[in-house]
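Down below is the structure, laid out as structure tokens.
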Amino acid sequence: MHCKLKHTLASRGQGYFFFLFICLFIVLLSFPCISRARIYIDINAPSFQKFQIAIPEFGSLTGQNQCGDFGANLLSVVSSDLDFSGLFSIIDKKAYLVGQAAGLSAENINYKDWSAIGAELLLLGTYACSGGTLEIEARLFDVFSGQQVLGKRVSGNRDHYRYLIHRLSNEIVQKLTGYPGIFLTKLSFISDTSGNKEVYISDYDGYNVKQITRDRSIILLPRLSPDRKRITYTSYKEGEPILYLRNLESGSVKRLSGGGPGMNTGGSWAPDGDNLAVTISKKGNPDIYIIGLDGGITDRLTTYDGIDISPTYSPDGNRIAFVSDRSGAPQIYILGMGSGKTSRLTYNMKYCTSPSWSSLNRIAFAGIDGGRLDIFTIDANGGQAVRCTNGQGKNEDPCWSPDGRYIVFSSNRSGRYNLYIMNANGQNQKRIKALSGNQTSPSWAQ
Amino acid sequence: MRKGFWNILFVFLCLALMLTVGCSKKKIDTSPTEGESSTMGNGAIQDLGDGARAGDAVRDKRLSEIEGEEGATHGDATIYFDYDSSELSSDAQRTLKKVASYLQSNSSASVDISGHCDERGTIEYNLALGEKRARAAKKFLVALGISGDRISCISYGEEKPIDPQSSEEAWAKNRRDEFVYIR
């Protein structure tokens with residue numbers, strides 16, 4: 001009995017000790033977490049103030065003769081990245097009181113030089129070359145607290161300096177927002193640069209562009225797979241509009257759908273990349289089908305005797321948004337995959353097409369309001385409609401960034417069609433690097 | 001009082017005249033199709049053999065159209081549509097009756113219908129609309145007794161405009177079905 005009580009007390013004491021230990025452990029663990037997870041800007045807020053950032057030219061640590069003058073190139077890529085993010089306002093270099101020429105380094109920053117010109121953040125970069133290798137170091141300072149916020153170094157092939165800077169830009173955005181940037185994502189699109197509409201793939205900013213197809217026919221609606229290893233598109237190279245699947249690693253191409261009469265277009269990749277929602281009209285009018293990557297039809301989702309086209313998967317893969325003219329004019333509808341229940345999403349305009357469903361559950365589409373196509377976004381339940389473009393040429397083909405925070409679209413506001421990126425709310429519309437001719441039908445993958 | 005009545009009648013008549021002129025301007029001229037289809041009727045008929053061969057001919061013709069010079073052929077007949085519509089106007093129906101009578105008197109010929117749109121909509125919807133236009137014409141021809149096997153449909157959406165400009169006039173020309181006879 002005595003023994004038993006002692007044992008109970010001892011075990012209770014052990015329990016308390018263990019509990020205290022766990023508490024202490026959690027507290028200790030959360031301290032560095034709190035400081036590491038400090039978010040400088042809440043990008044989910046409806047509106048936010050842009051960071052005023054100063055970025056002097058990157059300084060060379062090895063002398064300019066080693067690998068040419070990279071300083072200006074590195075500065076232009078990082079400035080462009082941060083500008084595309086919509087989070088920063090880059091202070092004009094003419095306003096700087098000191099620059100790289102003054103031997104500016106992390107050790108001798110006079111923060112007043114930067115706060116005086118309104119800078120909240122200061123990004124200092126240096127680079128060094130050895131052989132074909134370029135090493136870049138970036139340090140980000142909070143001008144008001146006089147503290148270094150971030151210090152990162154990357155190195156790699158100097159020909160890939162844009163890629164190296166994109167990695168650093170991602171780190172900067174991750175540090176300030178808690179979310180990685182979009183700078184390492186890829187776009188596919190159509191361009192008629194060669195005289196025919198062909199498929200191209202580029203970095204998110206339009207650089208590093210590669211022509212993928214040479215069908216010398218008409219190609220429409222390319223869609224990159226979520227893992228970026230494959231792409232589908234519709235080509236007329238055999239006369240009819242046939243849907244093809246191309247393996248981007250091996251270059252092999254196979255027919256996914258078509259060969260008979262009718263449309264085979266617009267694949268939307270399932271979130272897991274295992275199947276595609278497509279538009280097929282072999283039964284007399286276009287309907288939405290699910291096909292496997294072997295081209296076999298696994299499901300038919302619509303049977304309306306009219307136009308049902310342009311499916312886009314919800315992020316959980318349980319629903320599909322698509323376009324139908326069942327009300328008399330094209331509108332966007334949402335269909336539950338399991339239930340088959342269909343509800344109309346758009347009401348306020350006569351013409352709503354090209355839906356794209358984001359990973360954050362917003363649906364972007366092209367609508368005609370006032371005679372011209374513009375980009376709009378709306379919640380999947382029909383709320384919170386936002387007009388993103390207004391009156392600058394014709395704006396169409398919206399497609400979300402993989403993180404759901406940006407939209408790429410095509411616009412002819414400059415006189416010909418080019419691709420533009422904007423924030424999810426329509427702010428910060430910026431053209432990506434253009435090819436000659438017209439660029440349309442973008443798709444975006446991680 | 002009587003003078004006022006005549007004034008009102010005069011204004012009314014003027015308005016009526018203006019409206020009539022306005023309406024007739026909106027009509028789309030389909031006269032070229034009449035001329036072309038009548039020359040088609042005089043053309044010599046060649047027997048190309050079985051249906052498979054005819055299918056190849058359709059394909060080759062489409063490929064050469066895509067690869068070849070832009071707008072070189074506007075087809076053997078053309079019908080036009082209203083904005084975002086696949087309804088067949090009375091002009092379109094007249095042209096389709098001529099196409100049907102050509103096919104009836106040339107039993108070995110088939111027809112290839114391509115549907116087209118103006119540039120105002122979006123690419124995929126226009127592809128679907130072009131197909132709807134081509135199939136509306138096919139349905140009409142089938143109703144006139146032409147076998148569906150002799151009619152093939154394809155849509156090019158907004159990809160092959162007759163007139164690349166952005167004007168009401170150009171859009172009206174581009175919203176069309178083209179008919180090409182395969183002999």
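The chains in the structure tokens are called A, B, ... from first to last as shown; in each chain the residues are counted from 1, and the ligands are counted from 1 in the order shown.
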Could you make a table, as a tab-separated table, of the residues of chain A that have an atom within 8 Å of an atom of chain B, each with its nearest atom pair and distance in Å to one decimal, counting only C-alpha atoms, in chain and number order?
```
residue	atom	partner	partner_atom	distance
A:Arg216	CA	B:Glu67	CA	7.0
A:Ser217	CA	B:Ile66	CA	5.9
A:Ile218	CA	B:Ile66	CA	7.5
A:Leu221	CA	B:Glu124	CA	7.9
A:Lys237	CA	B:Leu63	CA	7.3
A:Glu238	CA	B:Leu63	CA	7.2
A:Gly239	CA	B:Arg59	CA	5.4
A:Glu240	CA	B:Ile154	CA	7.1
A:Pro261	CA	B:Cys153	CA	6.9
A:Gly262	CA	B:Ile154	CA	6.4
A:Met263	CA	B:Ala128	CA	7.5
A:Thr265	CA	B:Glu124	CA	7.7
A:Gly266	CA	B:Glu124	CA	7.5
A:Asn285	CA	B:Lys132	CA	7.4
A:Pro286	CA	B:Ala128	CA	6.8
A:Ile307	CA	B:Ala128	CA	6.5
A:Ile309	CA	B:Tyr125	CA	7.2
A:Ser310	CA	B:Glu124	CA	7.0
A:Ala329	CA	B:Asp84	CA	7.9
A:Thr353	CA	B:Thr122	CA	7.0
A:Ser354	CA	B:Thr122	CA	7.3
A:Ala366	CA	B:Thr122	CA	7.9
A:Arg372	CA	B:Arg120	CA	7.7
A:Leu373	CA	B:Gly121	CA	7.6
A:Glu396	CA	B:Thr122	CA	7.0
A:Asp397	CA	B:Thr122	CA	7.6
```
Taking 4 positions as the minimum chain separation for residues in the same chain, which residues sit within 10 Å of Ile231 of chain A when counting only C-alpha atoms? Answer as a list in words. Ser188, Val199, Ile212, Pro222, Arg223, Leu224, Ser225, Pro226, Asp227, Tyr244, Leu245, Arg246, Asn247, Leu248, Val253, Gly267, Trp269 and Ser443 of chain A
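When atom CA of Gly59 of chain A is paired with atom CA of Gly71 of chain A, their separation reads 6.2 Å.
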Rows by chain and residue number, segment 362-414 of chain A within 12 Å of segment 339-344 of chain A, shortest pair, only C-alpha atoms, as CSV:
```
residue,atom,partner,partner_atom,distance
A:Ala380,CA,A:Arg344,CA,10.3
A:Asn381,CA,A:Ser343,CA,9.6
A:Gly382,CA,A:Arg344,CA,8.8
```
Who sits within 10 Å of Gly132 of chain A, only C-alpha atoms, same chain under 4 positions skipped, as a PyMOL selection string: chain A and resi 66-67+156-159
Tell me which protein, DNA and RNA residues are within 12 Å of Phe70 of chain A, counting only C-alpha atoms, leaving out same-chain ones fewer than 2 positions away, and put them as JSON, numbers by chain. {"A": [57, 58, 59, 60, 61, 62, 63, 64, 65, 66, 67, 68, 72, 73, 74, 75, 76, 77, 125, 126, 127, 128, 129, 134, 135, 136, 158, 159, 160, 161, 162, 165]}
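When the distance limit is 12 Å and only C-alpha atoms are what count, the residues near Ser147 of chain B, minus those fewer than 2 positions from it on the same chain, are Ala100, Leu103, Gln104, Ser107, Ser108, Ala109, Ser110, Val111, Lys138, Lys139, Phe140, Leu141, Val142, Ala143, Leu144, Gly145, Asp149, Arg150, Ile151 and Ser152 of chain B.
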Identify, on the basis of only C-alpha atoms, every residue whose closest approach to Lys50 of chain A does not exceed 12 Å; exclude the query and any residue fewer than 3 positions from it along the same chain; express the result as a list in words.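 Contacts, with the query itself left out: Tyr40, Ile41, Asp42, Ile43, Ser47, Ile53, Leu82, Asp83, Ser85, Gly86, Leu87, Phe88, Ser89, Ile90, Ile91, Ala119, Glu120, Leu121, Leu176, Thr177, Gln427 and Asn428 of chain A.
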Write out the residues from the selection above, keeping C-alpha atoms, as a compact mmCIF listing (two decimals), in the first residue's frame.
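New file selection_1.txt:
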```txt
# COMPACT_ATOMS: atom_id res chain seq x y z
CA TYR A 40 6.21 42.13 -43.08
CA ILE A 41 3.25 42.38 -45.42
CA ASP A 42 -0.09 40.60 -45.48
CA ILE A 43 -0.65 39.90 -49.16
CA SER A 47 -5.06 46.33 -50.16
CA ILE A 53 12.95 49.63 -51.71
CA LEU A 82 10.38 42.70 -57.51
CA ASP A 83 8.37 45.02 -59.75
CA SER A 85 5.56 40.91 -57.67
CA GLY A 86 3.49 44.04 -57.14
CA LEU A 87 4.82 44.28 -53.57
CA PHE A 88 7.56 46.81 -54.14
CA SER A 89 8.03 50.31 -55.40
CA ILE A 90 11.64 50.65 -56.50
CA ILE A 91 13.13 54.04 -55.71
CA ALA A 119 13.49 53.81 -48.46
CA GLU A 120 12.06 51.22 -46.06
CA LEU A 121 14.20 48.42 -47.42
CA LEU A 176 8.53 39.36 -46.46
CA THR A 177 5.22 37.62 -47.18
CA GLN A 427 -3.34 46.08 -59.96
CA ASN A 428 0.21 46.30 -61.31
```
At a cut-off of 6 Å, using only C-alpha atoms, what residues contact Ser191 of chain A? Leave out same-chain residues fewer than 2 positions from it and give the result as a list in words.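 The residues that qualify are Thr193, Lys197, Glu198, Asn438 and Gln439 of chain A.
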Enumerate the residues of segment 334-395 of chain A with a DSSP assignment of strand (DSSP E or B), computed from the backbone, and present them as a ChimeraX atom specification. /A:334-336,342-344,351-357,362-369,372-379,386-387,395
